[in-house]
$ cat final_20.pdb   # PDB, C-alpha atoms
ATOM      1  CA  MET A   1     -22.328  -9.107  -0.033  1.00  0.00           C
ATOM      2  CA  ARG A   2     -24.610 -11.968   0.795  1.00  0.00           C
ATOM      3  CA  VAL A   3     -27.961 -11.108   2.338  1.00  0.00           C
ATOM      4  CA  ASN A   4     -30.495 -13.225   4.268  1.00  0.00           C
ATOM      5  CA  ARG A   5     -30.973 -16.661   2.616  1.00  0.00           C
ATOM      6  CA  GLN A   6     -27.861 -16.269   0.436  1.00  0.00           C
ATOM      7  CA  ILE A   7     -25.777 -16.931   3.563  1.00  0.00           C
ATOM      8  CA  ARG A   8     -25.081 -20.671   3.780  1.00  0.00           C
ATOM      9  CA  ILE A   9     -22.355 -21.297   6.387  1.00  0.00           C
ATOM     10  CA  SER A  10     -23.445 -21.984   9.949  1.00  0.00           C
ATOM     11  CA  PRO A  11     -22.617 -21.069  12.777  1.00  0.00           C
ATOM     12  CA  VAL A  12     -22.079 -17.310  12.387  1.00  0.00           C
ATOM     13  CA  ARG A  13     -20.885 -14.477  14.647  1.00  0.00           C
ATOM     14  CA  VAL A  14     -23.752 -11.987  14.922  1.00  0.00           C
ATOM     15  CA  ILE A  15     -23.512  -8.232  15.431  1.00  0.00           C
ATOM     16  CA  GLY A  16     -26.732  -6.508  16.457  1.00  0.00           C
ATOM     17  CA  SER A  17     -28.343  -3.513  14.768  1.00  0.00           C
ATOM     18  CA  ASP A  18     -26.920  -1.225  17.473  1.00  0.00           C
ATOM     19  CA  GLY A  19     -23.361  -2.581  16.972  1.00  0.00           C
ATOM     20  CA  SER A  20     -23.348  -4.868  20.006  1.00  0.00           C
ATOM     21  CA  GLN A  21     -21.934  -8.419  19.849  1.00  0.00           C
ATOM     22  CA  LEU A  22     -24.694 -11.023  20.093  1.00  0.00           C
ATOM     23  CA  GLY A  23     -22.191 -13.894  19.962  1.00  0.00           C
ATOM     24  CA  VAL A  24     -21.830 -17.036  17.848  1.00  0.00           C
ATOM     25  CA  MET A  25     -25.129 -18.715  16.968  1.00  0.00           C
ATOM     26  CA  GLU A  26     -26.697 -20.986  14.401  1.00  0.00           C
ATOM     27  CA  LEU A  27     -27.880 -19.462  11.150  1.00  0.00           C
ATOM     28  CA  GLU A  28     -31.589 -20.076  11.818  1.00  0.00           C
ATOM     29  CA  ALA A  29     -31.365 -18.354  15.202  1.00  0.00           C
ATOM     30  CA  ALA A  30     -29.659 -15.380  13.562  1.00  0.00           C
ATOM     31  CA  PHE A  31     -32.428 -15.221  10.919  1.00  0.00           C
ATOM     32  CA  ALA A  32     -35.045 -15.329  13.675  1.00  0.00           C
ATOM     33  CA  GLU A  33     -33.290 -12.481  15.546  1.00  0.00           C
ATOM     34  CA  ALA A  34     -33.175 -10.349  12.380  1.00  0.00           C
ATOM     35  CA  GLU A  35     -36.845 -11.068  11.581  1.00  0.00           C
ATOM     36  CA  LYS A  36     -37.844 -10.180  15.144  1.00  0.00           C
ATOM     37  CA  ASN A  37     -36.289  -6.722  14.758  1.00  0.00           C
ATOM     38  CA  GLY A  38     -37.566  -6.295  11.180  1.00  0.00           C
ATOM     39  CA  PHE A  39     -34.087  -6.115   9.649  1.00  0.00           C
ATOM     40  CA  ASP A  40     -31.947  -8.117   7.230  1.00  0.00           C
ATOM     41  CA  LEU A  41     -29.009 -10.396   7.972  1.00  0.00           C
ATOM     42  CA  VAL A  42     -25.953  -9.172   6.006  1.00  0.00           C
ATOM     43  CA  GLU A  43     -22.604 -10.956   5.751  1.00  0.00           C
ATOM     44  CA  VAL A  44     -19.835  -8.417   6.448  1.00  0.00           C
ATOM     45  CA  ALA A  45     -16.750 -10.654   6.805  1.00  0.00           C
ATOM     46  CA  ALA A  46     -17.068 -13.866   4.787  1.00  0.00           C
ATOM     47  CA  MET A  47     -13.441 -14.993   5.220  1.00  0.00           C
ATOM     48  CA  ALA A  48     -13.493 -14.891   9.030  1.00  0.00           C
ATOM     49  CA  ARG A  49     -14.123 -18.109  10.940  1.00  0.00           C
ATOM     50  CA  PRO A  50     -16.951 -18.140  11.872  1.00  0.00           C
ATOM     51  CA  PRO A  51     -18.294 -15.674   9.265  1.00  0.00           C
ATOM     52  CA  VAL A  52     -19.441 -12.338  10.686  1.00  0.00           C
ATOM     53  CA  VAL A  53     -22.992 -11.230   9.920  1.00  0.00           C
ATOM     54  CA  ARG A  54     -24.724  -8.025  10.912  1.00  0.00           C
ATOM     55  CA  ILE A  55     -28.365  -7.269  11.549  1.00  0.00           C
ATOM     56  CA  MET A  56     -29.197  -4.108   9.586  1.00  0.00           C
ATOM     57  CA  ASP A  57     -31.638  -2.514   7.168  1.00  0.00           C
ATOM     58  CA  TYR A  58     -29.919  -3.526   3.918  1.00  0.00           C
ATOM     59  CA  GLY A  59     -31.993  -1.214   1.690  1.00  0.00           C
ATOM     60  CA  LYS A  60     -31.039   1.795   3.817  1.00  0.00           C
ATOM     61  CA  TYR A  61     -27.394   0.673   3.815  1.00  0.00           C
ATOM     62  CA  LYS A  62     -27.315   0.433  -0.002  1.00  0.00           C
ATOM     63  CA  PHE A  63     -28.974   3.850  -0.291  1.00  0.00           C
ATOM     64  CA  GLU A  64     -26.347   5.421   2.006  1.00  0.00           C
ATOM     65  CA  GLN A  65     -23.525   3.819  -0.024  1.00  0.00           C
ATOM     66  CA  ALA A  66     -24.984   5.179  -3.282  1.00  0.00           C
ATOM     67  CA  LYS A  67     -25.413   8.615  -1.692  1.00  0.00           C
ATOM     68  CA  GLN A  68     -21.751   8.685  -0.565  1.00  0.00           C
ATOM     69  CA  ALA A  69     -20.635   7.606  -4.049  1.00  0.00           C
ATOM     70  CA  ARG A  70     -22.653  10.453  -5.610  1.00  0.00           C
ATOM     71  CA  ILE A  71     -21.088  12.993  -3.221  1.00  0.00           C
ATOM     72  CA  ALA A  72     -17.576  11.683  -3.945  1.00  0.00           C
ATOM     73  CA  LYS A  73     -18.212  11.864  -7.690  1.00  0.00           C
ATOM     74  CA  LYS A  74     -19.485  15.430  -7.381  1.00  0.00           C
ATOM     75  CA  LYS A  75     -16.319  16.521  -5.541  1.00  0.00           C
ATOM     76  CA  GLN A  76     -13.830  14.996  -7.980  1.00  0.00           C
ATOM     77  CA  HIS A  77     -12.367  17.156 -10.727  1.00  0.00           C
ATOM     78  CA  ILE A  78     -11.813  15.703 -14.175  1.00  0.00           C
ATOM     79  CA  ILE A  79      -8.879  17.334 -15.925  1.00  0.00           C
ATOM     80  CA  GLU A  80      -9.818  18.461 -19.397  1.00  0.00           C
ATOM     81  CA  LEU A  81      -7.583  19.522 -22.260  1.00  0.00           C
ATOM     82  CA  LYS A  82      -8.511  23.053 -23.365  1.00  0.00           C
ATOM     83  CA  GLU A  83      -7.083  24.552 -26.541  1.00  0.00           C
ATOM     84  CA  VAL A  84      -5.995  28.097 -27.330  1.00  0.00           C
ATOM     85  CA  LYS A  85      -4.972  28.902 -30.932  1.00  0.00           C
ATOM     86  CA  TYR A  86      -2.389  31.511 -31.908  1.00  0.00           C
ATOM     87  CA  ARG A  87      -0.934  32.759 -35.221  1.00  0.00           C
ATOM     88  CA  PRO A  88       2.724  33.750 -35.809  1.00  0.00           C
ATOM     89  CA  GLY A  89       1.989  37.435 -36.470  1.00  0.00           C
ATOM     90  CA  ILE A  90      -0.408  37.898 -33.528  1.00  0.00           C
ATOM     91  CA  ASP A  91      -0.935  41.425 -32.239  1.00  0.00           C
ATOM     92  CA  ASP A  92      -0.354  42.347 -28.570  1.00  0.00           C
ATOM     93  CA  HIS A  93      -4.015  42.769 -27.624  1.00  0.00           C
ATOM     94  CA  ASP A  94      -5.034  39.450 -29.177  1.00  0.00           C
ATOM     95  CA  PHE A  95      -2.069  37.786 -27.502  1.00  0.00           C
ATOM     96  CA  ASP A  96      -3.076  39.187 -24.090  1.00  0.00           C
ATOM     97  CA  THR A  97      -6.701  38.080 -24.525  1.00  0.00           C
ATOM     98  CA  LYS A  98      -5.820  34.525 -25.562  1.00  0.00           C
ATOM     99  CA  THR A  99      -3.207  34.254 -22.810  1.00  0.00           C
ATOM    100  CA  ARG A 100      -5.791  35.430 -20.276  1.00  0.00           C
ATOM    101  CA  HIS A 101      -8.098  32.603 -21.419  1.00  0.00           C
ATOM    102  CA  ALA A 102      -5.246  30.104 -21.073  1.00  0.00           C
ATOM    103  CA  ARG A 103      -4.522  31.453 -17.558  1.00  0.00           C
ATOM    104  CA  ARG A 104      -8.166  30.949 -16.575  1.00  0.00           C
ATOM    105  CA  PHE A 105      -8.067  27.351 -17.858  1.00  0.00           C
ATOM    106  CA  LEU A 106      -4.922  26.658 -15.835  1.00  0.00           C
ATOM    107  CA  GLU A 107      -6.495  28.206 -12.713  1.00  0.00           C
ATOM    108  CA  GLU A 108      -9.398  25.780 -13.165  1.00  0.00           C
ATOM    109  CA  LYS A 109      -6.782  22.961 -13.037  1.00  0.00           C
ATOM    110  CA  ASN A 110      -7.195  22.023 -16.707  1.00  0.00           C
ATOM    111  CA  LYS A 111      -4.414  21.319 -19.174  1.00  0.00           C
ATOM    112  CA  VAL A 112      -3.970  23.830 -21.995  1.00  0.00           C
ATOM    113  CA  LYS A 113      -2.949  22.922 -25.534  1.00  0.00           C
ATOM    114  CA  VAL A 114      -1.385  25.960 -27.175  1.00  0.00           C
ATOM    115  CA  THR A 115      -1.629  25.612 -30.956  1.00  0.00           C
ATOM    116  CA  MET A 116       0.344  27.790 -33.361  1.00  0.00           C
ATOM    117  CA  MET A 117      -1.386  27.733 -36.756  1.00  0.00           C
ATOM    118  CA  PHE A 118       0.657  28.516 -39.847  1.00  0.00           C
ATOM    119  CA  ARG A 119      -0.935  29.607 -43.108  1.00  0.00           C
ATOM    120  CA  GLY A 120       0.653  29.358 -46.544  1.00  0.00           C
ATOM    121  CA  ARG A 121       4.375  30.127 -46.551  1.00  0.00           C
ATOM    122  CA  GLN A 122       4.480  30.949 -42.830  1.00  0.00           C
ATOM    123  CA  VAL A 123       5.409  27.309 -42.216  1.00  0.00           C
ATOM    124  CA  ALA A 124       8.813  28.093 -43.759  1.00  0.00           C
ATOM    125  CA  HIS A 125       9.587  30.198 -40.644  1.00  0.00           C
ATOM    126  CA  PRO A 126       8.794  28.017 -37.607  1.00  0.00           C
ATOM    127  CA  GLU A 127      11.098  30.162 -35.451  1.00  0.00           C
ATOM    128  CA  LEU A 128       8.435  32.921 -35.490  1.00  0.00           C
ATOM    129  CA  GLY A 129       5.863  30.511 -34.084  1.00  0.00           C
ATOM    130  CA  GLN A 130       8.376  29.145 -31.598  1.00  0.00           C
ATOM    131  CA  ALA A 131       9.000  32.697 -30.331  1.00  0.00           C
ATOM    132  CA  VAL A 132       5.266  33.218 -29.703  1.00  0.00           C
ATOM    133  CA  LEU A 133       5.021  29.863 -27.883  1.00  0.00           C
ATOM    134  CA  GLN A 134       7.974  30.791 -25.672  1.00  0.00           C
ATOM    135  CA  ARG A 135       6.320  34.138 -24.905  1.00  0.00           C
ATOM    136  CA  VAL A 136       3.128  32.288 -23.869  1.00  0.00           C
ATOM    137  CA  ALA A 137       5.163  29.937 -21.655  1.00  0.00           C
ATOM    138  CA  GLN A 138       6.898  32.917 -19.993  1.00  0.00           C
ATOM    139  CA  GLU A 139       3.586  34.707 -19.364  1.00  0.00           C
ATOM    140  CA  LEU A 140       2.087  31.592 -17.751  1.00  0.00           C
ATOM    141  CA  ALA A 141       5.236  30.370 -15.952  1.00  0.00           C
ATOM    142  CA  ASP A 142       3.855  31.420 -12.546  1.00  0.00           C
ATOM    143  CA  ILE A 143       0.778  29.174 -12.829  1.00  0.00           C
ATOM    144  CA  GLY A 144       1.705  26.462 -15.347  1.00  0.00           C
ATOM    145  CA  LYS A 145       4.613  24.406 -16.574  1.00  0.00           C
ATOM    146  CA  ILE A 146       5.423  22.934 -19.970  1.00  0.00           C
ATOM    147  CA  GLU A 147       4.451  19.276 -20.281  1.00  0.00           C
ATOM    148  CA  SER A 148       5.502  18.948 -23.919  1.00  0.00           C
ATOM    149  CA  ALA A 149       7.475  21.604 -25.766  1.00  0.00           C
ATOM    150  CA  GLY A 150       6.386  23.061 -29.101  1.00  0.00           C
ATOM    151  CA  ARG A 151       6.798  20.624 -31.977  1.00  0.00           C
ATOM    152  CA  LEU A 152       5.820  21.085 -35.592  1.00  0.00           C
ATOM    153  CA  GLU A 153       3.137  18.751 -36.958  1.00  0.00           C
ATOM    154  CA  GLY A 154       2.170  19.629 -40.512  1.00  0.00           C
ATOM    155  CA  LYS A 155       0.971  23.225 -40.592  1.00  0.00           C
ATOM    156  CA  SER A 156       0.631  23.616 -36.827  1.00  0.00           C
ATOM    157  CA  MET A 157       2.943  23.653 -33.826  1.00  0.00           C
ATOM    158  CA  THR A 158       1.621  22.474 -30.455  1.00  0.00           C
ATOM    159  CA  MET A 159       2.712  22.877 -26.852  1.00  0.00           C
ATOM    160  CA  ILE A 160       0.918  21.495 -23.787  1.00  0.00           C
ATOM    161  CA  LEU A 161       0.882  23.335 -20.445  1.00  0.00           C
ATOM    162  CA  THR A 162      -0.178  21.781 -17.137  1.00  0.00           C
ATOM    163  CA  PRO A 163      -1.105  23.552 -13.909  1.00  0.00           C
ATOM    164  CA  LYS A 164       1.584  23.666 -11.196  1.00  0.00           C
TER     165      LYS A 164
END

$ encode --input "final_20.pdb" --output "structure tokens"
Amino acid sequence: MRVNRQIRISPVRVIGSDGSQLGVMELEAAFAEAEKNGFDLVEVAAMARPPVVRIMDYGKYKFEQAKQARIAKKKQHIIELKEVKYRPGIDDHDFDTKTRHARRFLEEKNKVKVTMMFRGRQVAHPELGQAVLQRVAQELADIGKIESAGRLEGKSMTMILTPK
């Protein structure tokens, strides 16, 4: 946006500080009108012929724009990837606790990475880990869906769940 003396093209269509049309006038007359009211001359439509300028308090306008941007940023939700780790021989209580954490993450609209960690020779039986991952997916089917199914990477198997 061009402000005050940055505006070069004359004549311009002027809009008053109250939103009323003041008509087409020379640039110097528009500057004089803005100075008389104690405001700035701001170009709002540069591509129009003649260019449209508005008489306003530019500092207040910039402050309001920044304030709206802060409010919009505060309201947006950034999706994070949360991780819950399981083992193939997990007990029922531990399974319920970890699944409850995963459910809370999904309710907060975050993605959940379910990691099955194998230790030692457990990696020789990936079907045990796959069974636990399927059980997790069934428990959380009402609130989440599988984005990527469980796949073995080294000594761990991962599955990603997203909120519905």

$ residues_around --input "final_20.pdb" --residues "Arg49 of chain A" --least-positions-apart "6" --cutoff "12 Å" --atoms "all atoms listed in the file" --output "JSON, numbers by chain"
{"A": [9, 10, 11, 12, 13, 24]}

$ atom_distance --input "final_20.pdb" --atom1 "atom CA of Leu161 of chain A" --atom2 "atom CA of Lys73 of chain A"
25.7 Å

$ atom_distance --input "final_20.pdb" --atom1 "atom CA of Thr162 of chain A" --atom2 "atom CA of Gly144 of chain A"
5.4 Å

$ atom_distance --input "final_20.pdb" --atom1 "atom CA of Phe31 of chain A" --atom2 "atom CA of Gln65 of chain A"
23.7 Å

$ residues_around --input "final_20.pdb" --residues "Ala124 of chain A" --least-positions-apart "3" --cutoff "12 Å" --atoms "only C-alpha atoms" --output "list in words"
Pro88, Phe118, Arg119, Gly120, Arg121, Glu127, Leu128, Gly129, Leu152, Gly154, Lys155 and Ser156 of chain A

$ write_last_selection --input "final_20.pdb" --atoms "C-alpha atoms" --output "tab-separated table (two decimals), in the frame of the given file"
chain	number	residue	atom	x	y	z
A	88	PRO	CA	2.72	33.75	-35.81
A	118	PHE	CA	0.66	28.52	-39.85
A	119	ARG	CA	-0.94	29.61	-43.11
A	120	GLY	CA	0.65	29.36	-46.54
A	121	ARG	CA	4.38	30.13	-46.55
A	127	GLU	CA	11.10	30.16	-35.45
A	128	LEU	CA	8.44	32.92	-35.49
A	129	GLY	CA	5.86	30.51	-34.08
A	152	LEU	CA	5.82	21.08	-35.59
A	154	GLY	CA	2.17	19.63	-40.51
A	155	LYS	CA	0.97	23.22	-40.59
A	156	SER	CA	0.63	23.62	-36.83

$ resolve_selection --input "final_20.pdb" --expression "the PyMOL selection byres ((chain A and resi 130) around 10)" --output "PyMOL selection string"
chain A and resi 88+116+125-129+131-136+149-152+157-159

$ write_last_selection --input "final_20.pdb" --atoms "C-alpha atoms" --output "PDB file, in the coordinates of the input"
ATOM      1  CA  PRO A  88       2.724  33.750 -35.809  1.00  0.00           C
ATOM      2  CA  MET A 116       0.344  27.790 -33.361  1.00  0.00           C
ATOM      3  CA  HIS A 125       9.587  30.198 -40.644  1.00  0.00           C
ATOM      4  CA  PRO A 126       8.794  28.017 -37.607  1.00  0.00           C
ATOM      5  CA  GLU A 127      11.098  30.162 -35.451  1.00  0.00           C
ATOM      6  CA  LEU A 128       8.435  32.921 -35.490  1.00  0.00           C
ATOM      7  CA  GLY A 129       5.863  30.511 -34.084  1.00  0.00           C
ATOM      8  CA  ALA A 131       9.000  32.697 -30.331  1.00  0.00           C
ATOM      9  CA  VAL A 132       5.266  33.218 -29.703  1.00  0.00           C
ATOM     10  CA  LEU A 133       5.021  29.863 -27.883  1.00  0.00           C
ATOM     11  CA  GLN A 134       7.974  30.791 -25.672  1.00  0.00           C
ATOM     12  CA  ARG A 135       6.320  34.138 -24.905  1.00  0.00           C
ATOM     13  CA  VAL A 136       3.128  32.288 -23.869  1.00  0.00           C
ATOM     14  CA  ALA A 149       7.475  21.604 -25.766  1.00  0.00           C
ATOM     15  CA  GLY A 150       6.386  23.061 -29.101  1.00  0.00           C
ATOM     16  CA  ARG A 151       6.798  20.624 -31.977  1.00  0.00           C
ATOM     17  CA  LEU A 152       5.820  21.085 -35.592  1.00  0.00           C
ATOM     18  CA  MET A 157       2.943  23.653 -33.826  1.00  0.00           C
ATOM     19  CA  THR A 158       1.621  22.474 -30.455  1.00  0.00           C
ATOM     20  CA  MET A 159       2.712  22.877 -26.852  1.00  0.00           C
TER      21      MET A 159
END

$ axis_aligned_box --input "final_20.pdb" --around "segment 30-40 of chain A" --padding-each-side "3 Å" --output "lines of an AutoDock Vina configuration file"
center_x = -33.8
center_y = -10.7
center_z = 11.4
size_x = 14.2
size_y = 15.3
size_z = 14.3

$ residues_around --input "final_20.pdb" --residues "Met1 of chain A" --least-positions-apart "5" --cutoff "10 Å" --atoms "all atoms listed in the file" --output "PyMOL selection string"
chain A and resi 6-7+42-46

$ write_last_selection --input "final_20.pdb" --atoms "C-alpha atoms" --output "CSV table (one decimal), in the frame of the given file"
chain,number,residue,atom,x,y,z
A,6,GLN,CA,-27.9,-16.3,0.4
A,7,ILE,CA,-25.8,-16.9,3.6
A,42,VAL,CA,-26.0,-9.2,6.0
A,43,GLU,CA,-22.6,-11.0,5.8
A,44,VAL,CA,-19.8,-8.4,6.4
A,45,ALA,CA,-16.8,-10.7,6.8
A,46,ALA,CA,-17.1,-13.9,4.8

$ closest_residue --input "final_20.pdb" --among "A:Glu64, A:Glu153, A:Asp57, A:Glu80" --to "Met117 of chain A" --atoms "all atoms listed in the file"
A:Glu153

$ resolve_selection --input "final_20.pdb" --expression "the PyMOL selection byres ((chain A and resi 61) around 12)" --output "PyMOL selection string"
chain A and resi 1+3+17+39-42+54-60+62-68

$ closest_residue --input "final_20.pdb" --among "A:Ile143, A:Ala48, A:Ala72, A:Ile15" --to "Phe105 of chain A" --atoms "all atoms listed in the file"
A:Ile143

$ closest_residue --input "final_20.pdb" --among "A:Lys164, A:Arg8, A:His93, A:Lys82" --to "Lys111 of chain A" --atoms "all atoms listed in the file"
A:Lys82

$ resolve_selection --input "final_20.pdb" --expression "the PyMOL selection byres ((chain A and resi 103) around 10)" --output "PyMOL selection string"
chain A and resi 97-102+104-110+112+136+139-144+163

$ decode --input "final_20.pdb" --residues "segment 8-94 of chain A" --atoms "C-alpha atoms" --output "JSON list (two decimals), in the first residue's frame"
[["chain", "number", "residue", "atom", "x", "y", "z"],
["A", 8, "ARG", "CA", 2.39, 9.56, -7.66],
["A", 9, "ILE", "CA", -0.52, 9.32, -10.14],
["A", 10, "SER", "CA", -2.88, 12.27, -10.39],
["A", 11, "PRO", "CA", -5.93, 12.71, -10.51],
["A", 12, "VAL", "CA", -7.30, 10.30, -7.89],
["A", 13, "ARG", "CA", -10.77, 9.25, -6.70],
["A", 14, "VAL", "CA", -11.01, 10.19, -3.01],
["A", 15, "ILE", "CA", -13.03, 8.45, -0.31],
["A", 16, "GLY", "CA", -13.47, 10.40, 2.91],
["A", 17, "SER", "CA", -12.69, 9.18, 6.42],
["A", 18, "ASP", "CA", -16.39, 8.47, 7.01],
["A", 19, "GLY", "CA", -16.66, 6.38, 3.79],
["A", 20, "SER", "CA", -18.32, 9.07, 1.68],
["A", 21, "GLN", "CA", -17.25, 9.73, -1.94],
["A", 22, "LEU", "CA", -15.44, 13.07, -2.26],
["A", 23, "GLY", "CA", -15.05, 12.65, -6.03],
["A", 24, "VAL", "CA", -12.12, 12.83, -8.45],
["A", 25, "MET", "CA", -9.55, 15.50, -7.59],
["A", 26, "GLU", "CA", -5.92, 16.37, -8.09],
["A", 27, "LEU", "CA", -3.37, 14.77, -5.81],
["A", 28, "GLU", "CA", -2.39, 18.01, -4.05],
["A", 29, "ALA", "CA", -6.03, 18.77, -3.23],
["A", 30, "ALA", "CA", -6.43, 15.27, -1.81],
["A", 31, "PHE", "CA", -3.29, 15.76, 0.34],
["A", 32, "ALA", "CA", -4.67, 19.08, 1.57],
["A", 33, "GLU", "CA", -8.01, 17.43, 2.48],
["A", 34, "ALA", "CA", -6.23, 14.66, 4.41],
["A", 35, "GLU", "CA", -3.99, 17.17, 6.23],
["A", 36, "LYS", "CA", -7.01, 19.29, 7.14],
["A", 37, "ASN", "CA", -8.62, 16.31, 8.89],
["A", 38, "GLY", "CA", -5.32, 15.13, 10.42],
["A", 39, "PHE", "CA", -5.31, 11.81, 8.56],
["A", 40, "ASP", "CA", -3.20, 10.03, 5.95],
["A", 41, "LEU", "CA", -3.93, 9.47, 2.27],
["A", 42, "VAL", "CA", -3.82, 5.71, 1.53],
["A", 43, "GLU", "CA", -4.06, 4.11, -1.91],
["A", 44, "VAL", "CA", -6.63, 1.29, -1.74],
["A", 45, "ALA", "CA", -7.11, 0.41, -5.44],
["A", 46, "ALA", "CA", -4.00, 1.15, -7.50],
["A", 47, "MET", "CA", -5.17, -0.61, -10.68],
["A", 48, "ALA", "CA", -8.42, 1.35, -11.00],
["A", 49, "ARG", "CA", -8.52, 4.36, -13.31],
["A", 50, "PRO", "CA", -8.32, 6.84, -11.67],
["A", 51, "PRO", "CA", -6.63, 5.22, -8.64],
["A", 52, "VAL", "CA", -8.78, 5.13, -5.50],
["A", 53, "VAL", "CA", -7.34, 6.68, -2.34],
["A", 54, "ARG", "CA", -8.87, 6.84, 1.11],
["A", 55, "ILE", "CA", -8.44, 9.36, 3.89],
["A", 56, "MET", "CA", -7.76, 7.37, 7.07],
["A", 57, "ASP", "CA", -5.51, 7.05, 10.10],
["A", 58, "TYR", "CA", -2.95, 4.65, 8.61],
["A", 59, "GLY", "CA", -1.27, 3.81, 11.94],
["A", 60, "LYS", "CA", -4.61, 2.78, 13.44],
["A", 61, "TYR", "CA", -5.43, 0.77, 10.30],
["A", 62, "LYS", "CA", -2.13, -1.15, 10.49],
["A", 63, "PHE", "CA", -2.68, -1.81, 14.20],
["A", 64, "GLU", "CA", -6.17, -3.22, 13.52],
["A", 65, "GLN", "CA", -4.79, -5.47, 10.75],
["A", 66, "ALA", "CA", -2.07, -6.81, 13.08],
["A", 67, "LYS", "CA", -4.65, -7.36, 15.83],
["A", 68, "GLN", "CA", -6.91, -9.37, 13.47],
["A", 69, "ALA", "CA", -3.92, -11.44, 12.33],
["A", 70, "ARG", "CA", -3.04, -12.23, 15.97],
["A", 71, "ILE", "CA", -6.63, -13.33, 16.69],
["A", 72, "ALA", "CA", -6.71, -15.52, 13.57],
["A", 73, "LYS", "CA", -3.39, -17.11, 14.52],
["A", 74, "LYS", "CA", -4.65, -17.80, 18.04],
["A", 75, "LYS", "CA", -7.74, -19.60, 16.71],
["A", 76, "GLN", "CA", -5.93, -21.86, 14.25],
["A", 77, "HIS", "CA", -4.99, -25.37, 15.32],
["A", 78, "ILE", "CA", -1.67, -26.85, 14.23],
["A", 79, "ILE", "CA", -1.87, -30.61, 13.86],
["A", 80, "GLU", "CA", 0.94, -32.31, 15.71],
["A", 81, "LEU", "CA", 2.16, -35.88, 15.46],
["A", 82, "LYS", "CA", 2.00, -37.53, 18.89],
["A", 83, "GLU", "CA", 3.59, -40.92, 19.52],
["A", 84, "VAL", "CA", 2.45, -43.82, 21.67],
["A", 85, "LYS", "CA", 4.82, -46.81, 22.06],
["A", 86, "TYR", "CA", 3.69, -50.40, 22.58],
["A", 87, "ARG", "CA", 5.49, -53.75, 23.01],
["A", 88, "PRO", "CA", 4.32, -57.10, 21.56],
["A", 89, "GLY", "CA", 3.65, -58.73, 24.95],
["A", 90, "ILE", "CA", 1.81, -55.75, 26.47],
["A", 91, "ASP", "CA", -0.52, -56.43, 29.39],
["A", 92, "ASP", "CA", -4.20, -55.38, 29.33],
["A", 93, "HIS", "CA", -3.90, -52.53, 31.83],
["A", 94, "ASP", "CA", -0.89, -51.00, 30.07]]
